[in-house]
Amino acid sequence: MSHLRRFPTLLGLAVLPLFAASAAHAKDDQWTFELAAGGGVAPRYSGSEEFQAAPTLSFDVTSPGGWFLGTSGAGWGTAIGEHTRVRAYVGGSGSRREKNSILGGSDFLRGMGDIDTRPLVGLAAGYTLGEAVLSGSWQYTLKDDDKGDNGLATQQIHLNLELPLFDLAGGVVSGSVSTDYGNRGYMQTWYGVSPDQAARTGFAQHKPKAGLVSAGLGMKWSHRAGRNGNWYIAVEGTRLLGDAADSPIVQKANQFGLMTGYTHRF
């Protein structure tokens with residue numbers, strides 16, 4: 001799983017200014033191109049006590065009519081009124097390795113098996129109310145019968161609320177709150193330990209139920225660069241909850257991440 005997928009709120013903090021701007025100002029009869037580049041530090045996997053630094057790069061090209069292609073996938077989006085924008089897309093899920101890897105993973109997970117990228121379908125929406133942005137997404141990852149408990153069909157819901165707080169050093173500091181929900185397949189894939197995995201690793205068996213995965217708080221400083229650019233620094237603290245926090249593979253329930261970079265719309 002990429003750095004951004006390990007910290008979905010950091011991804012939201014980075015791209016929501018552009019997403020919110022789209023909701024209010026996008027015109028479906030024009031081509032737009034958005035590019036984001038930077039770097040971040042995040043846990044090696046969700047629940048890890050080890051940190052890893054990695055570069056980040058993303059893009060999004062939108063054609064007249066709302067069709068788009070980018071690192072989040074390919075699909076269609078449109079504005080609904082002045083305050084709402086919705087997207088439907090197909091893409092690739094996150095991944096995790098059972099060894100230290102830039103793709104996400106740790107030697108601590110030896111014997112758990114790899115979680116491979118799989119096709120997914122998703123829906124996302126953003127709503128602006130004054131300067132606040134409420135966003136949400138739903139993702140469904142297809143089942144991979146060859147991967148057993150590492151390839152179950154998963155569903156995840158992510159909700160995020162961002163609000164500007166105060167001006168600082170020529171930029172704006174905003175705060176966010178977020179939460180994630182996962183179905184049983186999602187919880188088993190990312191936090192469960194099957195009997196076979198327990199036999200290979202020595203971890204206790206763990207069969208989590210569907211429920212809340214995490215809750216997070218984030219802060220971001222952003223600075224406009226001309227009409228179309230934006231510099232940002234974003235930090236987030238996330239607390240794993242319930243059966244996710246109780247997983248034997250979770251070394252720390254409190255997770256922290258940092259990301260900085262630049263976004264530009266052409």
# chains A, B, ... in the order shown; residues from 1 in each chain; ligands from 1
>>> residues_around(residues="Val213 (chain A)", least_positions_apart="4", cutoff="12 Å", atoms="only C-alpha atoms", output="PyMOL selection string")
chain A and resi 46-47+155-159+178-184+186-188+190-191+208-209+238-247+253
>>> select_by_dssp(residues="region 1-239 of chain A", states="strand (DSSP E or B)", output="MDAnalysis selection string")
chainID A and resid 32:43 51:62 67:70 73:80 84:92 96:97 105 115 119:129 132:141 154:168 171:182 193 206 211:225 229:239
>>> closest_residue(among="A:Thr78, A:Gln205, A:Ser214, A:Thr141", to="Asn160 (chain A)", atoms="only C-alpha atoms")
A:Ser214
>>> closest_residue(among="A:Ile249, A:Val90, A:Leu258, A:Val177", to="Gln139 (chain A)", atoms="only C-alpha atoms")
A:Val90
>>> closest_residue(among="A:Leu152, A:Met112, A:Leu163, A:Ala74", to="Leu129 (chain A)", atoms="only C-alpha atoms")
A:Leu163
>>> closest_residue(among="A:Gly192, A:Gly40, A:Gly126, A:Pro164", to="Thr84 (chain A)", atoms="only C-alpha atoms")
A:Gly126
>>> residues_around(residues="His264 (chain A)", least_positions_apart="4", cutoff="7 Å", atoms="only C-alpha atoms", output="PyMOL selection string")
chain A and resi 34-36+228-230
>>> closest_residue(among="A:Ser106, A:Thr201, A:Gln52, A:Ser176", to="Glu162 (chain A)", atoms="only C-alpha atoms")
A:Ser176
>>> closest_residue(among="A:Thr154, A:Thr32, A:Ser48, A:Gln255", to="Gly104 (chain A)", atoms="only C-alpha atoms")
A:Ser48
>>> atom_distance(atom1="CA of Ser58 (chain A)", atom2="CA of Gly237 (chain A)")
22.6 Å
>>> residues_around(residues="Arg96 (chain A)", least_positions_apart="5", cutoff="9 Å", atoms="only C-alpha atoms", output="short mmCIF file (atom, residue, chain, number, x, y, z; two decimals) with N, CA, C and O atoms, in the first residue's frame")
data_model
loop_
_atom_site.label_atom_id
_atom_site.label_comp_id
_atom_site.auth_asym_id
_atom_site.auth_seq_id
_atom_site.Cartn_x
_atom_site.Cartn_y
_atom_site.Cartn_z
N MET A 1 0.85 -1.17 0.00
CA MET A 1 0.00 0.00 0.00
C MET A 1 0.89 1.23 0.00
O MET A 1 1.88 1.29 0.67
N SER A 2 0.53 2.22 -0.76
CA SER A 2 1.36 3.41 -0.86
C SER A 2 1.32 4.21 0.42
O SER A 2 0.50 4.00 1.30
N TYR A 45 3.17 -0.02 7.87
CA TYR A 45 1.83 -0.52 7.56
C TYR A 45 0.92 -0.04 8.67
O TYR A 45 1.38 0.45 9.70
N SER A 101 9.38 -2.99 2.73
CA SER A 101 9.20 -2.63 1.33
C SER A 101 8.67 -1.23 1.23
O SER A 101 7.87 -0.78 2.07
N LEU A 103 6.61 -0.40 -0.81
CA LEU A 103 5.20 -0.56 -1.14
C LEU A 103 4.33 -0.73 0.10
O LEU A 103 3.11 -0.84 -0.01
N GLY A 104 4.94 -0.78 1.27
CA GLY A 104 4.21 -0.99 2.51
C GLY A 104 4.40 -2.41 3.00
O GLY A 104 4.22 -3.37 2.25
N GLY A 105 4.77 -2.57 4.25
CA GLY A 105 5.01 -3.88 4.80
C GLY A 105 6.19 -3.87 5.74
O GLY A 105 6.89 -2.86 5.86
N SER A 106 6.42 -5.01 6.41
CA SER A 106 7.47 -5.06 7.42
C SER A 106 7.93 -6.49 7.61
O SER A 106 7.16 -7.45 7.43
N GLY A 113 1.94 -13.49 4.58
CA GLY A 113 1.64 -13.46 3.16
C GLY A 113 1.44 -12.03 2.68
O GLY A 113 1.13 -11.11 3.46
N ASP A 114 1.62 -11.82 1.39
CA ASP A 114 1.44 -10.50 0.80
C ASP A 114 -0.03 -10.22 0.52
O ASP A 114 -0.81 -11.13 0.21
N ILE A 115 -0.42 -8.96 0.64
CA ILE A 115 -1.73 -8.48 0.18
C ILE A 115 -1.47 -7.74 -1.12
O ILE A 115 -0.82 -6.69 -1.13
N ASP A 116 -1.94 -8.29 -2.23
CA ASP A 116 -1.65 -7.73 -3.54
C ASP A 116 -2.68 -6.67 -3.94
O ASP A 116 -3.82 -6.67 -3.45
N THR A 117 -2.26 -5.78 -4.84
CA THR A 117 -3.18 -4.81 -5.42
C THR A 117 -4.23 -5.54 -6.25
O THR A 117 -3.92 -6.45 -7.02
N TRP A 190 -6.79 -6.88 6.46
CA TRP A 190 -5.76 -5.97 6.95
C TRP A 190 -5.38 -6.18 8.41
O TRP A 190 -4.26 -5.81 8.82
#
>>> atom_distance(atom1="CA of Phe68 (chain A)", atom2="CA of Ser174 (chain A)")
27.6 Å
>>> select_by_dssp(residues="region 20-243 of chain A", states="alpha helix (DSSP H)", output="PyMOL selection string")
chain A and resi 20-25+184-191+195-201+242-243
>>> write_last_selection(atoms="N, CA and C atoms", output="PDB file, in the first residue's frame")
ATOM      1  N   ALA A  20     -12.264  20.664  -3.453  1.00  0.00           N
ATOM      2  CA  ALA A  20     -13.252  21.659  -3.055  1.00  0.00           C
ATOM      3  C   ALA A  20     -13.378  22.747  -4.101  1.00  0.00           C
ATOM      4  N   ALA A  21     -12.241  23.157  -4.655  1.00  0.00           N
ATOM      5  CA  ALA A  21     -12.299  24.159  -5.710  1.00  0.00           C
ATOM      6  C   ALA A  21     -13.080  23.632  -6.901  1.00  0.00           C
ATOM      7  N   SER A  22     -12.919  22.350  -7.188  1.00  0.00           N
ATOM      8  CA  SER A  22     -13.667  21.765  -8.291  1.00  0.00           C
ATOM      9  C   SER A  22     -15.156  21.854  -8.038  1.00  0.00           C
ATOM     10  N   ALA A  23     -15.563  21.597  -6.799  1.00  0.00           N
ATOM     11  CA  ALA A  23     -16.977  21.618  -6.492  1.00  0.00           C
ATOM     12  C   ALA A  23     -17.590  22.986  -6.738  1.00  0.00           C
ATOM     13  N   ALA A  24     -16.792  24.017  -6.492  1.00  0.00           N
ATOM     14  CA  ALA A  24     -17.331  25.358  -6.616  1.00  0.00           C
ATOM     15  C   ALA A  24     -17.084  25.994  -7.977  1.00  0.00           C
ATOM     16  N   HIS A  25     -15.965  25.643  -8.635  1.00  0.00           N
ATOM     17  CA  HIS A  25     -15.563  26.406  -9.811  1.00  0.00           C
ATOM     18  C   HIS A  25     -15.329  25.589 -11.071  1.00  0.00           C
ATOM     19  N   ARG A 184     -16.379  -6.972   7.188  1.00  0.00           N
ATOM     20  CA  ARG A 184     -15.623  -8.074   7.751  1.00  0.00           C
ATOM     21  C   ARG A 184     -14.447  -8.464   6.852  1.00  0.00           C
ATOM     22  N   GLY A 185     -14.677  -8.442   5.528  1.00  0.00           N
ATOM     23  CA  GLY A 185     -13.601  -8.779   4.609  1.00  0.00           C
ATOM     24  C   GLY A 185     -12.438  -7.815   4.716  1.00  0.00           C
ATOM     25  N   TYR A 186     -12.736  -6.541   4.847  1.00  0.00           N
ATOM     26  CA  TYR A 186     -11.674  -5.535   4.997  1.00  0.00           C
ATOM     27  C   TYR A 186     -10.903  -5.761   6.291  1.00  0.00           C
ATOM     28  N   MET A 187     -11.642  -5.965   7.387  1.00  0.00           N
ATOM     29  CA  MET A 187     -10.983  -6.149   8.683  1.00  0.00           C
ATOM     30  C   MET A 187     -10.131  -7.410   8.703  1.00  0.00           C
ATOM     31  N   GLN A 188     -10.635  -8.499   8.097  1.00  0.00           N
ATOM     32  CA  GLN A 188      -9.867  -9.741   8.084  1.00  0.00           C
ATOM     33  C   GLN A 188      -8.614  -9.606   7.223  1.00  0.00           C
ATOM     34  N   THR A 189      -8.751  -8.929   6.080  1.00  0.00           N
ATOM     35  CA  THR A 189      -7.618  -8.768   5.177  1.00  0.00           C
ATOM     36  C   THR A 189      -6.486  -7.997   5.830  1.00  0.00           C
ATOM     37  N   TRP A 190      -6.792  -6.877   6.458  1.00  0.00           N
ATOM     38  CA  TRP A 190      -5.756  -5.972   6.948  1.00  0.00           C
ATOM     39  C   TRP A 190      -5.375  -6.183   8.409  1.00  0.00           C
ATOM     40  N   TYR A 191      -6.288  -6.761   9.211  1.00  0.00           N
ATOM     41  CA  TYR A 191      -6.014  -6.889  10.648  1.00  0.00           C
ATOM     42  C   TYR A 191      -6.236  -8.295  11.194  1.00  0.00           C
ATOM     43  N   PRO A 195      -6.103 -19.157  10.879  1.00  0.00           N
ATOM     44  CA  PRO A 195      -5.381 -20.299  11.480  1.00  0.00           C
ATOM     45  C   PRO A 195      -4.081 -20.618  10.754  1.00  0.00           C
ATOM     46  N   ASP A 196      -4.079 -20.569   9.426  1.00  0.00           N
ATOM     47  CA  ASP A 196      -2.848 -20.843   8.677  1.00  0.00           C
ATOM     48  C   ASP A 196      -1.780 -19.792   8.959  1.00  0.00           C
ATOM     49  N   GLN A 197      -2.194 -18.516   8.999  1.00  0.00           N
ATOM     50  CA  GLN A 197      -1.233 -17.456   9.288  1.00  0.00           C
ATOM     51  C   GLN A 197      -0.691 -17.583  10.709  1.00  0.00           C
ATOM     52  N   ALA A 198      -1.558 -17.947  11.645  1.00  0.00           N
ATOM     53  CA  ALA A 198      -1.128 -18.129  13.030  1.00  0.00           C
ATOM     54  C   ALA A 198      -0.085 -19.241  13.133  1.00  0.00           C
ATOM     55  N   ALA A 199      -0.297 -20.349  12.378  1.00  0.00           N
ATOM     56  CA  ALA A 199       0.645 -21.467  12.412  1.00  0.00           C
ATOM     57  C   ALA A 199       2.007 -21.075  11.840  1.00  0.00           C
ATOM     58  N   ARG A 200       2.005 -20.193  10.838  1.00  0.00           N
ATOM     59  CA  ARG A 200       3.267 -19.802  10.204  1.00  0.00           C
ATOM     60  C   ARG A 200       4.019 -18.734  10.983  1.00  0.00           C
ATOM     61  N   THR A 201       3.289 -17.894  11.722  1.00  0.00           N
ATOM     62  CA  THR A 201       3.905 -16.714  12.340  1.00  0.00           C
ATOM     63  C   THR A 201       4.062 -16.785  13.851  1.00  0.00           C
ATOM     64  N   GLY A 242     -11.321  -0.657  18.175  1.00  0.00           N
ATOM     65  CA  GLY A 242     -12.000  -1.944  18.221  1.00  0.00           C
ATOM     66  C   GLY A 242     -11.133  -3.126  17.848  1.00  0.00           C
ATOM     67  N   ASP A 243     -11.683  -3.986  16.975  1.00  0.00           N
ATOM     68  CA  ASP A 243     -10.976  -5.206  16.575  1.00  0.00           C
ATOM     69  C   ASP A 243      -9.702  -4.912  15.793  1.00  0.00           C
TER      70      ASP A 243
END
